[in-house]
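Structure first, commentary second.
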Amino acid sequence: MSPDPLTGVVADVRDPEIDVGLGDLGVVRSVARADGRIVVRLAPTRLSCPARGEIARRVRSALTDAAPGNRIEIVWERGAWQPTAVTDAGREALRTAGYRVAGAVPRCPYCGSEDAVRAGRFGGAVCKVPYDCRGCGSPFDVIGTAGCSAVLPVPDVTQGGS
Amino acid sequence: MPHVPTDDDVYEVFAQTGTGSALSHVGSLVAPRRDAAWHLAKETYGRRDDLFRLWVVRRGDLIVSSAGDRGLLAAKTRMPHRQPGFPTTRRRDRSAAPDATIAAPAATVATQAAAARERPGGSVSECGDAHGVAGRALDGLWLALADDLFVLGNRLGERIVDYIDLEESLAVGSIGQEALAHAETVLALHGFDGPAADAHFFERPREQWQVSRVIGRLGDWPSTVACGLVIAAAVTVLAEEPAAHEPAIAAVRDEQLVHLDHWRRWARALAAWPETSEEFAQAYAEVTRSAGDLFGAGPRDVPADAPPGPSAAAAELHGRLAALIRDSGGPGSLLPDLPVARAAGNGGSVLADCLAHGRVVREHYAPEVFR
């Protein structure tokens, strides 16, 4: 099977949570078509991503509209997603929505300051880690932080909490 | 002669006895006039106590609920978990509850579960064909740990509303969610497709589960911290095995390292606080003493011709687990020196409750939801 123009259709499907295309988010690995069968390989940003069901539903619906009559198979490539897979356009869309992508210095999406501190290790969703900007005081989330303890130094605390 | 008061000559008296106490209703009285009511109230309710404030109100001037207003006055949203005493009460209720027993599984369920155990490998590219002999020796350990992760994840899910603070709720929610996803990932890597994994967790009879003995220790918060710590440590150790190197296992390892770090902080904190150190030391000792079977062979995984005692590979994994737990800053680990075999029938009421809850929840969905 070879790459297919349907890749664009899948890449344009919007993420259910943030208004960004799956292609820009780096979730789409490949789309291939042969013998009335479309195989879509997707990489969840985190193993336990709860949006997988909705993403699969949207992809199926978009493909059914674009190429009716094919059998659609969705394969989740576990652990294949990397923060580097986010495109420049995706980074910009995420920044506009108040997010940063892991892998670089967590710069505030609002004021651009690098003076940000992690506000905990677990955010409102499994793929997010909360940060506070000390420049402008805005809270923001960093996305794609599997193994964030390896990327970022963990401050030693004597108190409990997160 | 008893006097039946009418609302016109009944007065309600409110008094405050000191600056530190609240103004509260102290009683009613009957008086012909307002000034008479004031003097009567002062004499009746202020004769022996110094009063800080005194309010006398004619009953006819009040807006008063009647007996039929109970529905109107009932709280509109019941959030018992927001009540201050909730965690304590719930813990006490749970520890007092008798062991839940599960009805004997129907024969059809047993058959389906047995079918699910037949690994439908071959068609799935992620199947463990490339693992080699060493990898296959780890399969039993992974599937057993998946059982532990599944029960732990469910148990943490129950704790989301039973939290100390919002941050901990987020942490427990994330860790629980990921433990379930990791259990599912392990099954997928061993060739289980969606329905097979579903049957494995929700239709397999309880006797066929092979959870570690630490699962039976999952109870109050100190023991939950200790259990979370040893399970995260075990998954991390196993995920570092060279045979297991693939992206999904690397992701499991990365995520479990975050969990391990979280539980380690809790362990250090609970051990350091004078209020909790004794209780935690006891829970930690019990859990680590039970954790010797995390890398023990499952009851059905030991070949008939195998020599007695743990395999060299299991002993090596166990040694790394012991080192990781020793570094965690807990009060003193009682982990056995060598791995102990997993026995059937572990998990007790924790496993039974988990499976029973799963069954109850799924009964409310149409069957095709799980296809």
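Please note that chains go A, B, ... in the order of the structure tokens, that every chain numbers its residues from 1, and that ligands are numbered from 1 in the order shown.
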Given only C-alpha atoms, how would the per-residue table for stretch 12-90 of chain A near stretch 124-140 of chain A read, listing every residue at most 7 Å away with its closest atom pair and distance in Å to one decimal, sorted by chain and number, as JSON lines?
```
{"residue": "A:Thr45", "atom": "CA", "partner": "A:Cys127", "partner_atom": "CA", "distance": 6.7}
{"residue": "A:Arg46", "atom": "CA", "partner": "A:Cys127", "partner_atom": "CA", "distance": 5.9}
{"residue": "A:Cys49", "atom": "CA", "partner": "A:Val126", "partner_atom": "CA", "distance": 6.9}
```
Those same residues, written as a tab-separated table (two decimals), in the first residue's frame with N, CA and C atoms?
```tsv
chain	number	residue	atom	x	y	z
A	45	THR	N	-1.14	10.74	21.88
A	45	THR	CA	-0.10	11.51	22.57
A	45	THR	C	0.28	10.86	23.90
A	46	ARG	N	-0.62	10.08	24.43
A	46	ARG	CA	-0.34	9.38	25.69
A	46	ARG	C	-1.09	8.06	25.62
A	49	CYS	N	-4.76	8.06	26.49
A	49	CYS	CA	-5.54	9.18	25.95
A	49	CYS	C	-7.02	8.81	25.90
```
Per-residue nearest contacts chain B to chain A, cut-off 8 Å, using only C-alpha atoms, as CSV:
```
residue,atom,partner,partner_atom,distance
B:Asp165,CA,A:Gly161,CA,7.4
B:Glu167,CA,A:Ser162,CA,5.7
B:Glu168,CA,A:Ser162,CA,5.7
B:Leu170,CA,A:Phe122,CA,6.0
B:Ala171,CA,A:Phe122,CA,5.2
B:Ser174,CA,A:Val126,CA,5.6
B:Gln177,CA,A:Ser48,CA,6.4
B:Glu178,CA,A:Ser48,CA,5.3
B:Leu180,CA,A:Ser48,CA,7.7
B:Ala181,CA,A:Ser48,CA,4.8
B:His182,CA,A:Leu47,CA,7.2
B:Thr185,CA,A:Arg78,CA,7.7
B:Pro247,CA,A:Gly79,CA,4.8
B:Ala248,CA,A:Gly79,CA,4.2
B:Ile249,CA,A:Gly79,CA,7.5
B:Ala250,CA,A:Gly79,CA,7.1
B:Ala251,CA,A:Gly79,CA,5.2
B:Val252,CA,A:Leu47,CA,7.6
B:Arg253,CA,A:Gly147,CA,8.0
B:Asp254,CA,A:Gly147,CA,4.1
B:Glu255,CA,A:Gly147,CA,5.4
B:Leu257,CA,A:Gly147,CA,6.8
B:Val258,CA,A:Ser149,CA,6.1
B:His262,CA,A:Ser162,CA,6.9
B:Arg265,CA,A:Gly160,CA,6.6
B:Trp266,CA,A:Gly160,CA,5.6
B:Arg268,CA,A:Thr158,CA,7.2
B:Ala269,CA,A:Gly160,CA,5.4
B:Leu270,CA,A:Gly160,CA,7.6
B:Ala272,CA,A:Thr158,CA,7.9
```
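Note that the spacing between atom CA of B:Thr288 and atom CA of B:Ser333 amounts to 5.7 Å.
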Please list as a compact mmCIF listing (two decimals) with N, CA, C and O atoms, in the first residue's frame every residue within 8 Å of B:Leu351, counting only C-alpha atoms and excluding residues in the same chain fewer than 2 positions away.
```
# COMPACT_ATOMS: atom_id res chain seq x y z
N VAL B 151 -6.26 -3.83 38.74
CA VAL B 151 -6.94 -3.66 40.04
C VAL B 151 -6.50 -2.35 40.69
O VAL B 151 -7.32 -1.60 41.23
N ARG B 206 -12.83 -15.21 38.82
CA ARG B 206 -11.90 -14.68 39.80
C ARG B 206 -10.77 -15.67 40.11
O ARG B 206 -9.64 -15.26 40.36
N ILE B 215 -2.00 -6.75 46.33
CA ILE B 215 -3.32 -6.23 45.97
C ILE B 215 -4.28 -6.38 47.15
O ILE B 215 -5.10 -5.50 47.43
N GLY B 216 -4.16 -7.47 47.88
CA GLY B 216 -5.02 -7.67 49.05
C GLY B 216 -4.77 -6.65 50.14
O GLY B 216 -5.57 -6.49 51.05
N GLY B 347 -5.75 -11.50 46.49
CA GLY B 347 -6.54 -10.30 46.18
C GLY B 347 -7.72 -10.10 47.10
O GLY B 347 -8.15 -8.98 47.31
N GLY B 348 -8.26 -11.20 47.63
CA GLY B 348 -9.31 -11.10 48.64
C GLY B 348 -10.45 -10.18 48.24
O GLY B 348 -10.88 -10.17 47.08
N SER B 349 -10.91 -9.41 49.19
CA SER B 349 -12.09 -8.59 48.94
C SER B 349 -11.77 -7.44 47.98
O SER B 349 -12.66 -6.93 47.30
N ASP B 353 -14.26 -6.95 45.04
CA ASP B 353 -15.00 -5.69 44.88
C ASP B 353 -14.78 -5.10 43.50
O ASP B 353 -15.69 -4.61 42.85
N CYS B 354 -13.51 -5.13 43.07
CA CYS B 354 -13.16 -4.54 41.77
C CYS B 354 -13.93 -5.24 40.65
O CYS B 354 -14.53 -4.59 39.80
N LEU B 355 -13.94 -6.57 40.67
CA LEU B 355 -14.64 -7.30 39.61
C LEU B 355 -16.14 -7.09 39.70
O LEU B 355 -16.82 -6.92 38.68
```
**Message:** Using only C-alpha atoms for the distances, tell me which of B:Asp198, B:Glu207, B:Asp293, B:Glu275 is nearest to B:Arg359.
**Reply:**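 Checking each of B:Asp198, B:Glu207, B:Asp293, B:Glu275 against B:Arg359, counting only C-alpha atoms, the winner is B:Asp198.
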**Message:** According to DSSP computed on the backbone, where in stretch 46-94 of chain A is there helix (DSSP H, G or I)? Give the residues as a list in words.
**Reply:** Arg52, Gly53, Glu54, Ile55, Ala56, Arg57, Arg58, Val59, Arg60, Ser61, Ala62, Leu63, Thr64, Asp65, Ala66, Pro83, Thr84, Ala85, Asp88, Ala89, Gly90, Arg91, Glu92, Ala93 and Leu94 of chain A
Just to be explicit: take each residue in the selection above, keep N, CA, C and O atoms, and write the result as a short mmCIF file (atom, residue, chain, number, x, y, z; two decimals), in the first residue's frame.
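As a result, again-v8.cif now contains:
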```cif
data_model
loop_
_atom_site.label_atom_id
_atom_site.label_comp_id
_atom_site.auth_asym_id
_atom_site.auth_seq_id
_atom_site.Cartn_x
_atom_site.Cartn_y
_atom_site.Cartn_z
N ARG A 52 -9.30 8.76 22.35
CA ARG A 52 -9.09 7.86 21.21
C ARG A 52 -10.40 7.47 20.54
O ARG A 52 -10.49 7.42 19.32
N GLY A 53 -11.43 7.20 21.34
CA GLY A 53 -12.70 6.78 20.78
C GLY A 53 -13.30 7.86 19.88
O GLY A 53 -13.75 7.59 18.77
N GLU A 54 -13.27 9.10 20.38
CA GLU A 54 -13.85 10.20 19.61
C GLU A 54 -13.02 10.50 18.37
O GLU A 54 -13.56 10.77 17.29
N ILE A 55 -11.69 10.42 18.50
CA ILE A 55 -10.84 10.65 17.33
C ILE A 55 -11.14 9.60 16.26
O ILE A 55 -11.32 9.92 15.08
N ALA A 56 -11.25 8.35 16.68
CA ALA A 56 -11.53 7.28 15.72
C ALA A 56 -12.88 7.53 15.04
O ALA A 56 -13.02 7.36 13.83
N ARG A 57 -13.86 7.98 15.82
CA ARG A 57 -15.18 8.23 15.24
C ARG A 57 -15.11 9.34 14.20
O ARG A 57 -15.65 9.23 13.11
N ARG A 58 -14.37 10.42 14.52
CA ARG A 58 -14.27 11.54 13.58
C ARG A 58 -13.53 11.13 12.32
O ARG A 58 -13.88 11.55 11.21
N VAL A 59 -12.46 10.33 12.49
CA VAL A 59 -11.69 9.91 11.32
C VAL A 59 -12.57 9.05 10.42
O VAL A 59 -12.62 9.23 9.20
N ARG A 60 -13.30 8.11 11.02
CA ARG A 60 -14.19 7.26 10.22
C ARG A 60 -15.22 8.09 9.47
O ARG A 60 -15.48 7.88 8.29
N SER A 61 -15.79 9.06 10.19
CA SER A 61 -16.83 9.87 9.55
C SER A 61 -16.26 10.69 8.39
O SER A 61 -16.86 10.76 7.31
N ALA A 62 -15.05 11.27 8.59
CA ALA A 62 -14.45 12.07 7.53
C ALA A 62 -14.10 11.20 6.33
O ALA A 62 -14.31 11.59 5.17
N LEU A 63 -13.58 10.00 6.58
CA LEU A 63 -13.20 9.12 5.48
C LEU A 63 -14.43 8.58 4.75
O LEU A 63 -14.40 8.39 3.53
N THR A 64 -15.50 8.33 5.50
CA THR A 64 -16.72 7.85 4.85
C THR A 64 -17.27 8.92 3.91
O THR A 64 -17.76 8.61 2.82
N ASP A 65 -17.15 10.19 4.31
CA ASP A 65 -17.61 11.28 3.43
C ASP A 65 -16.71 11.41 2.21
O ASP A 65 -17.18 11.61 1.09
N ALA A 66 -15.38 11.29 2.41
CA ALA A 66 -14.44 11.55 1.32
C ALA A 66 -14.35 10.37 0.36
O ALA A 66 -14.20 10.57 -0.84
N PRO A 83 6.95 14.56 20.92
CA PRO A 83 6.67 16.00 20.82
C PRO A 83 7.21 16.59 19.52
O PRO A 83 6.65 17.54 18.98
N THR A 84 8.31 16.01 18.99
CA THR A 84 8.90 16.54 17.76
C THR A 84 7.99 16.35 16.56
O THR A 84 8.21 16.95 15.51
N ALA A 85 6.97 15.48 16.68
CA ALA A 85 6.08 15.23 15.54
C ALA A 85 5.09 16.38 15.32
O ALA A 85 4.44 16.42 14.29
N ASP A 88 5.15 22.94 12.76
CA ASP A 88 5.25 24.35 13.15
C ASP A 88 3.86 24.98 13.25
O ASP A 88 3.57 25.74 14.17
N ALA A 89 3.00 24.64 12.26
CA ALA A 89 1.64 25.18 12.30
C ALA A 89 0.92 24.68 13.55
O ALA A 89 0.16 25.43 14.19
N GLY A 90 1.16 23.41 13.89
CA GLY A 90 0.54 22.86 15.09
C GLY A 90 1.01 23.56 16.34
O GLY A 90 0.23 23.87 17.24
N ARG A 91 2.32 23.85 16.40
CA ARG A 91 2.86 24.55 17.56
C ARG A 91 2.22 25.93 17.70
O ARG A 91 1.89 26.37 18.80
N GLU A 92 2.03 26.59 16.57
CA GLU A 92 1.44 27.92 16.60
C GLU A 92 -0.01 27.84 17.07
O GLU A 92 -0.46 28.64 17.89
N ALA A 93 -0.75 26.84 16.54
CA ALA A 93 -2.15 26.68 16.95
C ALA A 93 -2.23 26.37 18.44
O ALA A 93 -3.10 26.91 19.16
N LEU A 94 -1.33 25.55 18.93
CA LEU A 94 -1.34 25.20 20.34
C LEU A 94 -0.99 26.42 21.19
O LEU A 94 -1.58 26.65 22.25
#
```
**Asked** When you draw a straight line from atom CA of B:Glu240 to atom CA of B:Ser169, how long is it in Å?
**Response**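 About the pair atom CA of B:Glu240 and atom CA of B:Ser169: they are 28.9 Å apart.
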Could you name the residues that touch A:Ile74 at 7 Å or less, counting only C-alpha atoms, but leaving out those on the same chain fewer than 5 positions away, as a PDB file with N, CA and C atoms, in the first residue's frame?
```
ATOM      1  N   VAL A  39      -6.387   1.814   5.733  1.00  0.00           N
ATOM      2  CA  VAL A  39      -5.747   1.590   7.027  1.00  0.00           C
ATOM      3  C   VAL A  39      -5.161   2.909   7.510  1.00  0.00           C
ATOM      4  N   VAL A  40      -5.637   3.375   8.646  1.00  0.00           N
ATOM      5  CA  VAL A  40      -5.146   4.623   9.218  1.00  0.00           C
ATOM      6  C   VAL A  40      -4.336   4.272  10.454  1.00  0.00           C
ATOM      7  N   ARG A  41      -3.097   4.713  10.470  1.00  0.00           N
ATOM      8  CA  ARG A  41      -2.264   4.475  11.655  1.00  0.00           C
ATOM      9  C   ARG A  41      -2.119   5.785  12.412  1.00  0.00           C
ATOM     10  N   ALA A  56     -11.249   8.350  16.683  1.00  0.00           N
ATOM     11  CA  ALA A  56     -11.534   7.283  15.721  1.00  0.00           C
ATOM     12  C   ALA A  56     -12.878   7.529  15.038  1.00  0.00           C
TER      13      ALA A  56
END
```
**For B:Leu229: contacts at 9 Å, only C-alpha atoms, fewer than 5 positions along chain excluded, given as a list of chain:residue names** =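 Neighbouring residues, sequence-local ones excluded: B:Thr224, B:Ala234, B:His259, B:Leu260, B:Asp261, B:His262, B:Trp263, B:Arg264, B:Ala267, B:Ile325, B:Ser328.
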Please, could you write that set of residues out with C-alpha atoms as a compact mmCIF listing (two decimals), in the first residue's frame?
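Written output follows (result.txt):
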```
# COMPACT_ATOMS: atom_id res chain seq x y z
CA THR B 224 -2.28 2.52 48.84
CA ALA B 234 8.05 -3.60 39.38
CA HIS B 259 4.05 7.41 39.11
CA LEU B 260 6.97 5.90 40.99
CA ASP B 261 8.28 9.35 41.74
CA HIS B 262 4.88 10.46 42.99
CA TRP B 263 4.53 7.48 45.34
CA ARG B 264 8.10 7.95 46.56
CA ALA B 267 6.33 7.58 51.12
CA ILE B 325 12.46 -0.06 46.61
CA SER B 328 12.69 4.95 47.75
```
Tell me, as a tab-separated table (two decimals) with C-alpha atoms, in the first residue's frame, which residues lie within 7 Å of stretch 58-75 of chain B, counting only C-alpha atoms; anything in the same chain fewer than 5 positions away does not count.
```
chain	number	residue	atom	x	y	z
B	7	ASP	CA	-49.12	34.07	66.40
B	8	ASP	CA	-49.98	37.62	67.42
B	10	VAL	CA	-45.93	34.76	70.55
B	11	TYR	CA	-42.37	36.08	70.45
B	12	GLU	CA	-39.21	34.22	69.51
```
**Item:** All strand (DSSP E) positions in stretch 13-118 of chain A, as a PyMOL selection string
**Value:** chain A and resi 28-34+37-42+71-76+99-101+116-118
Can I get the selected residues back with N, CA and C atoms, as a compact mmCIF listing (two decimals), in the first residue's frame?
```txt
# COMPACT_ATOMS: atom_id res chain seq x y z
N VAL A 28 -1.19 11.68 13.15
CA VAL A 28 -1.39 10.84 11.97
C VAL A 28 -0.05 10.26 11.54
N ARG A 29 0.08 8.94 11.54
CA ARG A 29 1.32 8.30 11.13
C ARG A 29 1.26 7.94 9.65
N SER A 30 0.20 7.31 9.22
CA SER A 30 0.09 7.00 7.79
C SER A 30 -1.35 6.66 7.46
N VAL A 31 -1.68 6.87 6.18
CA VAL A 31 -2.98 6.47 5.66
C VAL A 31 -2.71 5.71 4.38
N ALA A 32 -3.24 4.52 4.25
CA ALA A 32 -2.99 3.73 3.05
C ALA A 32 -4.28 3.07 2.61
N ARG A 33 -4.42 2.91 1.28
CA ARG A 33 -5.67 2.34 0.76
C ARG A 33 -5.34 1.21 -0.22
N ALA A 34 -6.01 0.10 -0.10
CA ALA A 34 -5.87 -0.99 -1.06
C ALA A 34 -7.09 -1.89 -0.96
N ARG A 37 -10.01 -1.06 1.21
CA ARG A 37 -9.70 -1.05 2.63
C ARG A 37 -8.81 0.16 2.88
N ILE A 38 -9.14 0.95 3.90
CA ILE A 38 -8.28 2.08 4.28
C ILE A 38 -7.71 1.79 5.66
N VAL A 39 -6.39 1.81 5.73
CA VAL A 39 -5.75 1.59 7.03
C VAL A 39 -5.16 2.91 7.51
N VAL A 40 -5.64 3.37 8.65
CA VAL A 40 -5.15 4.62 9.22
C VAL A 40 -4.34 4.27 10.45
N ARG A 41 -3.10 4.71 10.47
CA ARG A 41 -2.26 4.47 11.65
C ARG A 41 -2.12 5.78 12.41
N LEU A 42 -2.56 5.76 13.68
CA LEU A 42 -2.54 6.97 14.51
C LEU A 42 -1.70 6.70 15.75
N ARG A 71 -13.73 -0.10 3.64
CA ARG A 71 -13.68 -0.58 5.02
C ARG A 71 -12.54 0.16 5.71
N ILE A 72 -12.84 0.76 6.84
CA ILE A 72 -11.83 1.61 7.50
C ILE A 72 -11.27 0.88 8.72
N GLU A 73 -9.96 0.80 8.75
CA GLU A 73 -9.30 0.19 9.91
C GLU A 73 -8.45 1.24 10.59
N ILE A 74 -8.59 1.36 11.88
CA ILE A 74 -7.77 2.32 12.61
C ILE A 74 -6.83 1.57 13.53
N VAL A 75 -5.54 1.81 13.35
CA VAL A 75 -4.54 1.12 14.17
C VAL A 75 -3.88 2.17 15.05
N TRP A 76 -3.88 1.93 16.36
CA TRP A 76 -3.20 2.85 17.28
C TRP A 76 -1.78 2.38 17.48
N TYR A 99 -1.16 26.54 24.98
CA TYR A 99 -0.39 25.35 25.30
C TYR A 99 1.03 25.48 24.77
N ARG A 100 1.93 24.75 25.40
CA ARG A 100 3.28 24.58 24.87
C ARG A 100 3.53 23.11 24.67
N VAL A 101 4.45 22.79 23.80
CA VAL A 101 4.79 21.39 23.54
C VAL A 101 6.07 21.06 24.29
N ALA A 116 9.08 30.15 33.97
CA ALA A 116 7.86 29.40 34.30
C ALA A 116 8.21 28.28 35.27
N VAL A 117 7.32 28.02 36.20
CA VAL A 117 7.56 26.93 37.15
C VAL A 117 6.45 25.90 37.04
N ARG A 118 6.82 24.68 37.23
CA ARG A 118 5.83 23.62 37.14
C ARG A 118 4.93 23.67 38.37
```
